[in-house]
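Peer 1: Structure supplied as work02.txt; contents: compact mmCIF, C-alpha atoms and all ligand atoms.
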```txt
# COMPACT_ATOMS: atom_id res chain seq x y z
CA MET N 1 -41.03 43.98 122.80
CA THR N 2 -42.06 42.76 126.21
CA HIS N 3 -41.46 39.31 127.50
CA TYR N 4 -43.07 37.84 130.58
CA ALA N 5 -40.48 36.58 133.01
CA MET N 6 -41.24 33.04 134.14
CA PRO N 7 -42.85 30.23 132.31
CA ASP N 8 -45.24 29.45 135.15
CA ARG N 9 -48.89 29.00 134.41
CA LYS N 10 -50.02 32.21 136.12
CA SER N 11 -47.72 34.56 134.30
CA TRP N 12 -48.25 32.59 131.05
CA GLU N 13 -52.03 33.15 131.34
CA LYS N 14 -51.54 36.85 132.11
CA GLU N 15 -49.43 37.29 128.97
CA TRP N 16 -51.81 35.15 126.90
CA LYS N 17 -54.71 37.36 127.93
CA GLU N 18 -52.76 40.45 126.82
CA VAL N 19 -51.72 38.93 123.53
CA SER N 20 -55.07 37.38 122.59
CA GLY N 21 -56.93 40.49 123.67
CA HIS N 22 -54.90 43.00 121.64
CA ALA N 23 -53.11 41.36 118.72
CA LEU N 24 -56.07 40.99 116.35
CA VAL N 25 -57.40 44.47 117.09
CA ALA N 26 -53.98 45.95 116.45
CA VAL N 27 -53.54 44.08 113.17
CA ASN N 28 -56.99 45.00 111.88
CA SER N 29 -56.48 48.66 112.60
CA ALA N 30 -53.02 48.84 110.99
CA THR N 31 -52.85 51.67 108.42
CA SER N 32 -49.48 51.02 106.77
CA LEU N 33 -47.46 48.07 105.53
CA ASP N 34 -44.55 49.13 107.76
CA GLY N 35 -46.81 49.24 110.82
CA LEU N 36 -48.22 45.82 109.96
CA GLU N 37 -44.73 44.34 109.64
CA THR N 38 -43.83 45.72 113.08
CA LEU N 39 -46.90 43.98 114.52
CA ARG N 40 -46.03 40.72 112.78
CA LEU N 41 -42.57 40.80 114.32
CA GLU N 42 -44.00 41.72 117.74
CA TYR N 43 -46.30 38.70 117.87
CA LEU N 44 -45.08 36.13 115.37
CA GLY N 45 -41.36 36.93 114.97
CA ARG N 46 -38.73 34.45 116.15
CA LYS N 47 -38.77 36.04 119.59
CA GLY N 48 -42.35 37.40 119.24
CA ARG N 49 -44.81 37.34 122.12
CA LEU N 50 -47.09 34.62 120.75
CA THR N 51 -44.10 32.59 119.53
CA SER N 52 -42.64 32.71 123.06
CA LEU N 53 -45.92 31.67 124.65
CA LEU N 54 -46.15 28.62 122.37
CA LYS N 55 -42.52 27.77 122.97
CA ASP N 56 -42.96 27.89 126.76
CA LEU N 57 -45.81 25.38 126.70
CA LYS N 58 -43.25 22.60 126.56
CA ASP N 59 -42.33 23.31 130.19
CA PHE N 60 -45.88 22.66 131.42
CA ASP N 61 -47.32 19.27 132.33
CA LEU N 62 -49.36 17.38 129.79
CA GLY N 63 -52.77 18.49 131.14
CA ASP N 64 -51.83 22.19 130.97
CA ARG N 65 -50.26 21.73 127.57
CA ARG N 66 -53.48 20.26 126.18
CA GLU N 67 -55.69 22.87 127.79
CA LEU N 68 -53.62 25.90 126.76
CA GLY N 69 -52.08 24.56 123.53
CA GLY N 70 -55.33 24.17 121.55
CA PRO N 71 -56.61 27.75 121.77
CA SER N 72 -53.19 29.38 121.49
CA ASN N 73 -52.24 27.40 118.36
CA ALA N 74 -55.64 28.18 116.82
CA PHE N 75 -55.07 31.83 117.64
CA LYS N 76 -51.72 31.75 115.91
CA GLU N 77 -53.42 30.52 112.71
CA GLU N 78 -56.10 33.18 113.02
CA LEU N 79 -53.56 35.96 113.59
CA SER N 80 -51.41 34.84 110.60
CA ALA N 81 -54.47 34.82 108.34
CA ALA N 82 -55.51 38.26 109.58
CA ILE N 83 -52.01 39.67 108.88
CA ASP N 84 -52.04 38.19 105.33
CA ALA N 85 -55.48 39.62 104.64
CA LYS N 86 -54.53 43.04 105.99
CA LYS N 87 -51.32 42.98 103.95
CA ALA N 88 -53.24 42.29 100.72
CA GLU N 89 -55.69 45.06 101.57
CA LEU N 90 -52.96 47.63 102.25
CA GLU N 91 -51.02 46.66 99.09
CA GLY N 92 -54.15 47.04 96.97
CA ALA N 93 -54.83 50.44 98.47
CA ALA N 94 -51.24 51.54 97.79
CA GLN N 95 -51.57 50.48 94.15
CA ASP N 96 -54.88 52.30 93.76
CA ALA N 97 -53.32 55.43 95.22
CA ALA N 98 -50.36 55.20 92.83
CA ILE N 99 -52.68 54.88 89.82
CA ALA N 100 -54.89 57.71 91.03
CA GLY N 101 -51.78 59.91 91.42
CA THR N 102 -50.76 59.40 87.78
CA LYS N 103 -52.33 61.97 85.51
CA LEU N 104 -52.65 60.94 81.87
CA ASP N 105 -52.34 63.92 79.53
CA LEU N 106 -53.85 62.91 76.20
CA THR N 107 -52.76 66.17 74.56
CA LEU N 108 -49.01 65.42 74.92
CA PRO N 109 -47.32 64.62 71.59
CA GLY N 110 -46.37 60.95 71.18
CA LEU N 111 -42.82 59.61 70.99
CA ALA N 112 -41.74 59.76 67.36
CA PRO N 113 -39.95 56.61 66.16
CA ALA N 114 -36.40 57.22 64.87
CA GLU N 115 -36.66 57.73 61.11
CA GLY N 116 -34.22 55.84 58.94
CA ARG N 117 -33.16 56.97 55.49
CA LEU N 118 -31.17 55.79 52.53
CA HIS N 119 -27.46 56.56 52.22
CA PRO N 120 -26.73 59.37 49.72
CA LEU N 121 -24.74 56.92 47.56
CA THR N 122 -27.71 54.56 47.47
CA LEU N 123 -30.00 57.45 46.49
CA VAL N 124 -27.74 58.56 43.63
CA MET N 125 -27.07 54.98 42.53
CA ARG N 126 -30.83 54.32 42.39
CA GLU N 127 -31.37 57.44 40.32
CA MET N 128 -28.60 56.40 37.90
CA THR N 129 -29.82 52.82 37.52
CA GLY N 130 -33.40 54.09 37.25
CA ILE N 131 -32.49 56.23 34.20
CA LEU N 132 -30.59 53.36 32.56
CA SER N 133 -33.40 50.95 33.34
CA ARG N 134 -35.90 53.22 31.53
CA MET N 135 -33.54 53.12 28.51
CA GLY N 136 -33.78 49.33 28.48
CA PHE N 137 -30.68 48.31 30.43
CA SER N 138 -31.27 45.31 32.69
CA TRP N 139 -29.54 44.70 36.03
CA ALA N 140 -26.47 42.44 36.14
CA GLU N 141 -24.19 41.49 39.02
CA GLY N 142 -20.93 39.65 39.49
CA PRO N 143 -18.60 38.54 42.30
CA HIS N 144 -16.34 40.96 44.18
CA VAL N 145 -13.58 38.35 44.26
CA GLU N 146 -12.59 37.74 40.65
CA THR N 147 -10.09 35.78 38.64
CA ASP N 148 -7.37 37.30 36.52
CA HIS N 149 -9.17 35.73 33.57
CA TYR N 150 -12.42 37.68 33.94
CA ASN N 151 -10.83 40.90 35.15
CA PHE N 152 -7.90 41.17 32.72
CA GLU N 153 -7.38 38.41 30.18
CA SER N 154 -10.87 38.37 28.67
CA LEU N 155 -10.97 42.19 28.71
CA ASN N 156 -7.99 42.24 26.37
CA PHE N 157 -5.39 43.40 28.92
CA PRO N 158 -1.93 42.36 27.68
CA PRO N 159 0.00 40.22 30.23
CA ASN N 160 2.33 43.11 31.11
CA HIS N 161 -0.33 45.85 31.32
CA PRO N 162 0.36 48.32 34.18
CA ALA N 163 -3.19 47.89 35.59
CA ARG N 164 -2.23 44.33 36.58
CA ASP N 165 0.45 45.77 38.80
CA MET N 166 0.00 45.40 42.55
CA GLN N 167 -0.03 49.22 42.77
CA ASP N 168 -3.63 49.18 41.58
CA THR N 169 -5.07 45.75 42.23
CA PHE N 170 -5.60 43.92 45.52
CA TYR N 171 -4.47 40.34 44.93
CA VAL N 172 -5.96 37.70 47.20
CA ASP N 173 -3.41 34.98 46.47
CA ALA N 174 0.40 34.96 46.43
CA GLY N 175 0.72 34.67 42.64
CA SER N 176 -0.06 38.33 42.09
CA GLY N 177 -0.34 39.50 38.54
CA VAL N 178 0.18 36.16 36.82
CA PRO N 179 -2.52 34.36 34.84
CA GLY N 180 -4.79 32.41 37.23
CA SER N 181 -4.49 34.93 40.07
CA ILE N 182 -7.41 35.70 42.40
CA LEU N 183 -8.11 39.36 43.10
CA LEU N 184 -10.63 41.91 44.38
CA ARG N 185 -12.16 43.38 41.22
CA PRO N 186 -10.80 46.90 40.53
CA GLN N 187 -13.64 47.54 38.02
CA THR N 188 -17.15 46.27 37.26
CA SER N 189 -16.12 45.31 33.71
CA PRO N 190 -15.73 41.55 34.42
CA VAL N 191 -19.53 41.46 34.80
CA GLN N 192 -19.72 42.23 31.04
CA ILE N 193 -17.75 39.08 30.25
CA ARG N 194 -19.73 36.85 32.63
CA ARG N 195 -22.99 38.12 31.15
CA MET N 196 -21.88 37.74 27.53
CA GLU N 197 -20.75 34.17 28.27
CA ALA N 198 -24.19 33.39 29.67
CA GLN N 199 -26.34 35.13 27.06
CA ARG N 200 -26.38 35.34 23.27
CA PRO N 201 -26.69 38.84 21.76
CA PRO N 202 -28.45 41.22 21.55
CA LEU N 203 -28.10 42.38 25.14
CA ARG N 204 -28.27 45.61 27.08
CA ILE N 205 -27.07 45.46 30.71
CA MET N 206 -25.98 47.72 33.55
CA ALA N 207 -23.70 46.37 36.28
CA PRO N 208 -23.64 48.50 39.43
CA GLY N 209 -21.38 47.45 42.29
CA ARG N 210 -18.44 47.83 44.60
CA VAL N 211 -14.85 47.92 43.32
CA PHE N 212 -11.46 47.90 45.08
CA ARG N 213 -8.23 49.72 44.30
CA HIS N 214 -4.88 49.73 46.00
CA GLU N 215 -4.86 53.53 46.30
CA ALA N 216 -4.02 56.12 48.93
CA VAL N 217 -7.30 57.50 50.26
CA ASP N 218 -7.80 61.26 49.85
CA ALA N 219 -10.63 63.72 49.11
CA SER N 220 -11.19 62.30 45.63
CA HIS N 221 -9.84 58.72 45.87
CA GLY N 222 -11.01 55.73 47.87
CA ALA N 223 -9.72 52.18 48.21
CA VAL N 224 -13.33 50.99 48.00
CA PHE N 225 -15.88 52.75 45.82
CA HIS N 226 -18.74 52.05 43.40
CA GLN N 227 -19.04 51.88 39.66
CA ILE N 228 -21.86 51.44 37.20
CA GLU N 229 -21.00 49.69 33.99
CA GLY N 230 -23.15 49.73 30.88
CA LEU N 231 -22.97 47.38 27.89
CA TYR N 232 -25.05 47.31 24.72
CA VAL N 233 -24.51 44.72 21.99
CA ASP N 234 -26.58 44.43 18.83
CA LYS N 235 -26.22 44.54 15.06
CA GLY N 236 -25.09 47.93 13.72
CA VAL N 237 -24.41 49.68 17.06
CA THR N 238 -22.26 52.78 16.44
CA MET N 239 -20.39 55.46 18.32
CA ALA N 240 -23.40 57.74 17.65
CA ASP N 241 -25.59 55.38 19.69
CA LEU N 242 -23.08 55.59 22.52
CA LYS N 243 -23.01 59.37 22.41
CA GLY N 244 -26.81 59.64 22.24
CA THR N 245 -27.29 57.22 25.14
CA LEU N 246 -24.78 59.05 27.34
CA LEU N 247 -26.23 62.48 26.53
CA VAL N 248 -29.72 61.33 27.54
CA PHE N 249 -28.26 59.78 30.68
CA ILE N 250 -26.31 62.89 31.72
CA GLN N 251 -29.19 65.27 30.95
CA SER N 252 -31.62 63.06 32.89
CA LEU N 253 -29.25 63.16 35.84
CA PHE N 254 -28.08 66.80 35.76
CA GLY N 255 -30.85 68.57 33.83
CA PRO N 256 -31.48 69.43 30.15
CA LYS N 257 -28.75 72.10 30.06
CA ALA N 258 -25.98 69.58 30.79
CA GLN N 259 -23.37 69.48 28.00
CA MET N 260 -20.98 66.66 27.19
CA ARG N 261 -17.83 66.12 25.13
CA PHE N 262 -15.75 63.11 24.10
CA ARG N 263 -11.95 63.10 24.32
CA PRO N 264 -9.91 60.33 22.65
CA SER N 265 -8.53 57.89 25.20
CA PHE N 266 -7.35 54.32 25.58
CA PHE N 267 -8.82 51.27 27.35
CA PRO N 268 -7.74 47.74 26.40
CA PHE N 269 -11.34 46.51 26.07
CA THR N 270 -12.72 49.25 23.80
CA GLU N 271 -11.68 50.60 20.40
CA PRO N 272 -12.07 53.48 19.86
CA SER N 273 -12.12 54.67 23.48
CA ALA N 274 -13.15 58.01 24.94
CA GLU N 275 -13.08 59.93 28.18
CA VAL N 276 -16.38 61.71 28.59
CA ASP N 277 -16.42 65.19 30.11
CA MET N 278 -19.43 67.10 31.32
CA GLN N 279 -19.56 70.88 31.24
CA CYS N 280 -18.84 72.11 34.78
CA ILE N 281 -22.17 72.42 36.58
CA LEU N 282 -20.81 75.04 38.97
CA CYS N 283 -19.53 77.64 36.47
CA GLU N 284 -21.40 76.39 33.38
CA GLY N 285 -18.21 76.30 31.35
CA SER N 286 -16.66 79.67 32.21
CA GLY N 287 -14.00 78.09 34.46
CA CYS N 288 -13.75 77.79 38.24
CA PRO N 289 -11.48 76.09 40.83
CA ALA N 290 -13.67 72.95 40.87
CA CYS N 291 -13.05 72.33 37.14
CA LYS N 292 -9.44 73.59 37.32
CA ARG N 293 -10.51 76.57 35.12
CA THR N 294 -11.16 74.28 32.14
CA GLY N 295 -14.96 74.51 32.23
CA TRP N 296 -15.16 70.70 31.96
CA MET N 297 -15.22 67.77 34.39
CA GLU N 298 -14.37 64.18 33.59
CA VAL N 299 -17.31 61.92 34.50
CA LEU N 300 -16.87 58.59 32.76
CA GLY N 301 -15.00 56.37 30.33
CA ALA N 302 -16.55 54.70 27.28
CA GLY N 303 -15.92 53.16 23.90
CA MET N 304 -16.85 50.56 21.29
CA VAL N 305 -16.33 46.97 22.46
CA HIS N 306 -12.98 45.63 21.20
CA PRO N 307 -13.26 42.74 18.68
CA ASN N 308 -10.92 40.65 20.87
CA VAL N 309 -13.41 40.88 23.77
CA PHE N 310 -16.18 39.60 21.47
CA LYS N 311 -13.98 36.77 20.19
CA GLY N 312 -13.27 35.67 23.79
CA VAL N 313 -16.98 35.16 24.51
CA ASP N 314 -17.69 33.61 21.11
CA TYR N 315 -19.56 36.60 19.63
CA ASP N 316 -18.72 37.15 15.94
CA PRO N 317 -17.27 40.70 15.71
CA GLU N 318 -18.18 40.76 12.01
CA VAL N 319 -21.86 40.43 12.95
CA TRP N 320 -22.16 42.11 16.33
CA SER N 321 -21.02 45.49 17.55
CA GLY N 322 -21.54 47.26 20.85
CA PHE N 323 -20.54 49.97 23.24
CA ALA N 324 -19.54 49.95 26.90
CA PHE N 325 -19.21 52.68 29.49
CA GLY N 326 -18.23 52.83 33.14
CA MET N 327 -18.42 55.53 35.75
CA GLY N 328 -17.70 56.09 39.44
CA VAL N 329 -20.85 56.51 41.50
CA GLU N 330 -19.05 58.57 44.17
CA ARG N 331 -17.77 61.01 41.54
CA ILE N 332 -21.28 61.54 40.11
CA ALA N 333 -22.78 61.80 43.62
CA MET N 334 -20.20 64.45 44.61
CA LEU N 335 -21.07 66.55 41.55
CA LYS N 336 -24.80 66.08 42.01
CA LEU N 337 -24.90 66.75 45.77
CA GLY N 338 -22.14 69.37 45.87
CA ILE N 339 -19.82 67.32 48.09
CA THR N 340 -16.11 68.10 47.93
CA ASP N 341 -14.66 65.21 49.99
CA LEU N 342 -15.36 61.59 49.05
CA ARG N 343 -14.42 60.36 52.54
CA LEU N 344 -17.62 61.90 53.95
CA PHE N 345 -19.60 59.06 52.36
CA TYR N 346 -17.85 56.50 54.55
CA GLN N 347 -17.54 58.22 57.93
CA ASN N 348 -21.10 57.39 59.12
CA ASP N 349 -21.51 60.89 60.54
CA LEU N 350 -25.27 61.34 61.06
CA ARG N 351 -24.96 65.13 60.72
CA PHE N 352 -23.81 64.51 57.13
CA LEU N 353 -26.08 61.59 56.30
CA GLU N 354 -29.24 63.25 57.61
CA GLN N 355 -29.01 65.97 54.94
CA PHE N 356 -30.07 63.63 52.16
CA LYS N 357 -33.50 62.23 51.45
ZN ZN O 401 -16.22 75.07 36.80
```
Translate this structure into structure tokens?
Peer 2:
Amino acid sequence: MTHYAMPDRKSWEKEWKEVSGHALVAVNSATSLDGLETLRLEYLGRKGRLTSLLKDLKDFDLGDRRELGGPSNAFKEELSAAIDAKKAELEGAAQDAAIAGTKLDLTLPGLAPAEGRLHPLTLVMREMTGILSRMGFSWAEGPHVETDHYNFESLNFPPNHPARDMQDTFYVDAGSGVPGSILLRPQTSPVQIRRMEAQRPPLRIMAPGRVFRHEAVDASHGAVFHQIEGLYVDKGVTMADLKGTLLVFIQSLFGPKAQMRFRPSFFPFTEPSAEVDMQCILCEGSGCPACKRTGWMEVLGAGMVHPNVFKGVDYDPEVWSGFAFGMGVERIAMLKLGITDLRLFYQNDLRFLEQFK
């Protein structure tokens, strides 16, 4: 950047002639934004040539200042406007060039959105509730946090029953195991009681939901899992109705060849009670490691509703009879999907989850 030496009128006019003669031409022929910025600094920067000329006018007498100041200030305005216009022109051209350089290939495949899917437990649970729903069972739900009354007392658990022990049940309050305690429900059965309290018979309900057990987690046990409970109350309901209902349910779920057997068992809220086994779907009854060589697998518990349970909800056991059954959703899902470790359901590993639709 050149600077004329002395602020005398003669050298000022020489520099002015240079600046006014070349600046506009240079700006208008600029071909790049960088080049234009260099010119702006050369003429209009803090120490630019035109800036210096205008600054030096203060050293001249009033007559000179008036004579020279008018045109040079007007020129400054003109040069600024020319730089702005040129800048807009060059920016527009740069944008056009960028757009022209982008080739749009309409044959490229689009970006596929990530596809979500239902959890395998949800899929199996929906299939199970769908079968029951077609047999006339309606959906019922209850709270996860229950009272001792709904979970034990009204289900005919004696006060000293081992299931009340802290080994199995998560108690929320300090008074664990005594009447009036608050707990996380270890079974979906309390929903039966809540529903029977709210509705006069006949009724036919299914209660799917989450349950909680104080258990060590391993390949076949979880501290949190799901159950589906079924309850049917009417006049003249028998064990044959229970067996027929469960056979239709199991064959709908596992195919028409599925076989089932009842084994005598005990639950406080049913009498008589039965464990229900299904013929092993892997070996079809001939015996394999999965069924411990017995040919059978336990799938659910069931029985006829105990008269004491009916009395507690003000149903006359001389008039009404009914059956109840409960099963673990994870257990059924493992058999149906061929999964050998229950923990896989809860690890959120996409490689596992993506296998099920
Ligand atoms: Zn087997």
Peer 1: Grab the CA of Ile131 (chain N) to CA of Val248 (chain N) distance for me, in Å with one decimal place.
Peer 2: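 Separation between CA of Ile131 (chain N) and CA of Val248 (chain N): 8.8 Å.
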Peer 1: List as number ranges by chain the protein and nucleic acid residues near region 295-305 of chain N, meaning an atom at most 8 Å away when only C-alpha atoms are counted, but skip any in the same chain fewer than 3 places from it.
Peer 2: N: 238-239, 242, 269-280, 283-288, 291-292, 309-310, 321-328, 331-332
Peer 1: Of the candidates N:Lys58, N:Arg200, N:Arg293, N:Arg210, which one gets nearest to ligand ZN 401 (chain O) if we count all atoms listed in the file?
Peer 2: N:Arg293
Peer 1: Distance CA of Pro7 (chain N)-CA of Asp84 (chain N), one decimal place?
Peer 2: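 Between CA of Pro7 (chain N) and CA of Asp84 (chain N) the gap works out to 29.6 Å.
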Peer 1: Counting all atoms listed in the file, which of N:Thr294, N:Gly48, N:Leu184, N:Lys336 gets nearest to ligand ZN 401 (chain O)?
Peer 2: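 Result for the nearest residue to ligand ZN 401 (chain O): N:Thr294.
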Peer 1: Just want the 12 Å neighbourhood of Leu350 (chain N), counted on only C-alpha atoms, with same-chain residues fewer than 5 positions away dropped. Output as an NGL selection string.
Peer 2: :N and (115-120 or 344-345 or 355-356)
Peer 1: I'd like the neighbourhood of Thr169 (chain N) as a ChimeraX atom specification, where a residue qualifies if any of its atoms comes within 7 Å (using all atoms listed in the file), though same-chain residues fewer than 4 positions away should be ignored.
Peer 2: /N:164-165,186,213-214
Peer 1: For the residues selected in the previous step, produce a file with C-alpha atoms as a CSV table (one decimal), in the coordinates of the input.
Peer 2:
```csv
chain,number,residue,atom,x,y,z
N,164,ARG,CA,-2.2,44.3,36.6
N,165,ASP,CA,0.4,45.8,38.8
N,186,PRO,CA,-10.8,46.9,40.5
N,213,ARG,CA,-8.2,49.7,44.3
N,214,HIS,CA,-4.9,49.7,46.0
```
Peer 1: Adding 4 Å on each side of the box along x, y and z that holds all listed atoms of region 228-242 of chain N, could you give its centre and edge lengths in Å to one decimal, as JSON?
Peer 2:
```
{"center_x": -23.5, "center_y": 51.1, "center_z": 25.5, "size_x": 14.2, "size_y": 21.3, "size_z": 31.5}
```
Peer 1: Between N:Ala30, N:Leu342, N:Leu68, N:Ala82, single out the one closest to Lys17 (chain N), counting only C-alpha atoms.
Peer 2: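 Nearest candidate to Lys17 (chain N) out of N:Ala30, N:Leu342, N:Leu68, N:Ala82: N:Leu68.
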Peer 1: Pick out the closest residue to ligand ZN 401 (chain O) from this set: N:Val313, N:Ala26, N:Leu106, N:Ala290. Count all atoms listed in the file.
Peer 2: N:Ala290
Peer 1: Kindly give the distance, in Å, that separates CA of Ala333 (chain N) and CA of Leu121 (chain N), rounded to a single decimal.
Peer 2: 6.6 Å
Peer 1: Neighbours of Ala223 (chain N) within 9 Å (all atoms listed in the file; same-chain residues fewer than 4 positions away dropped), as number ranges by chain?
Peer 2: N: 211-217
Peer 1: How about saving the chosen residues, C-alpha atoms kept, as a short mmCIF file (atom, residue, chain, number, x, y, z; two decimals), in the frame of the given file?
Peer 2:
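The file below, result-v2.cif, is the result:
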```
data_model
loop_
_atom_site.label_atom_id
_atom_site.label_comp_id
_atom_site.auth_asym_id
_atom_site.auth_seq_id
_atom_site.Cartn_x
_atom_site.Cartn_y
_atom_site.Cartn_z
CA VAL N 211 -14.85 47.92 43.32
CA PHE N 212 -11.46 47.90 45.08
CA ARG N 213 -8.23 49.72 44.30
CA HIS N 214 -4.88 49.73 46.00
CA GLU N 215 -4.86 53.53 46.30
CA ALA N 216 -4.02 56.12 48.93
CA VAL N 217 -7.30 57.50 50.26
#
```
Peer 1: Just need region 277-306 of chain N in a file, please: C-alpha atoms, as a PDB file, in the first residue's frame.
Peer 2:
```
ATOM      1  CA  ASP N 277     -47.878 -79.923  31.096  1.00  0.00           C
ATOM      2  CA  MET N 278     -47.557 -79.754  27.344  1.00  0.00           C
ATOM      3  CA  GLN N 279     -45.949 -82.541  25.355  1.00  0.00           C
ATOM      4  CA  CYS N 280     -42.392 -81.442  24.524  1.00  0.00           C
ATOM      5  CA  ILE N 281     -42.513 -79.643  21.179  1.00  0.00           C
ATOM      6  CA  LEU N 282     -38.869 -80.448  20.448  1.00  0.00           C
ATOM      7  CA  CYS N 283     -38.950 -84.258  20.777  1.00  0.00           C
ATOM      8  CA  GLU N 284     -42.731 -84.752  20.556  1.00  0.00           C
ATOM      9  CA  GLY N 285     -42.752 -86.821  23.722  1.00  0.00           C
ATOM     10  CA  SER N 286     -39.828 -89.182  23.123  1.00  0.00           C
ATOM     11  CA  GLY N 287     -37.581 -87.345  25.616  1.00  0.00           C
ATOM     12  CA  CYS N 288     -34.766 -84.841  25.105  1.00  0.00           C
ATOM     13  CA  PRO N 289     -32.508 -82.605  27.260  1.00  0.00           C
ATOM     14  CA  ALA N 290     -34.968 -79.676  27.009  1.00  0.00           C
ATOM     15  CA  CYS N 291     -37.740 -81.703  28.696  1.00  0.00           C
ATOM     16  CA  LYS N 292     -35.293 -83.507  31.025  1.00  0.00           C
ATOM     17  CA  ARG N 293     -36.101 -86.772  29.145  1.00  0.00           C
ATOM     18  CA  THR N 294     -39.685 -86.767  30.430  1.00  0.00           C
ATOM     19  CA  GLY N 295     -41.338 -85.844  27.130  1.00  0.00           C
ATOM     20  CA  TRP N 296     -43.379 -83.154  28.944  1.00  0.00           C
ATOM     21  CA  MET N 297     -42.921 -79.477  29.808  1.00  0.00           C
ATOM     22  CA  GLU N 298     -44.753 -77.573  32.510  1.00  0.00           C
ATOM     23  CA  VAL N 299     -46.510 -74.551  30.990  1.00  0.00           C
ATOM     24  CA  LEU N 300     -49.121 -73.304  33.439  1.00  0.00           C
ATOM     25  CA  GLY N 301     -51.053 -73.701  36.667  1.00  0.00           C
ATOM     26  CA  ALA N 302     -54.839 -73.944  36.907  1.00  0.00           C
ATOM     27  CA  GLY N 303     -57.772 -75.090  38.993  1.00  0.00           C
ATOM     28  CA  MET N 304     -61.361 -74.546  40.121  1.00  0.00           C
ATOM     29  CA  VAL N 305     -61.863 -71.329  42.094  1.00  0.00           C
ATOM     30  CA  HIS N 306     -61.810 -72.041  45.848  1.00  0.00           C
TER      31      HIS N 306
END
```
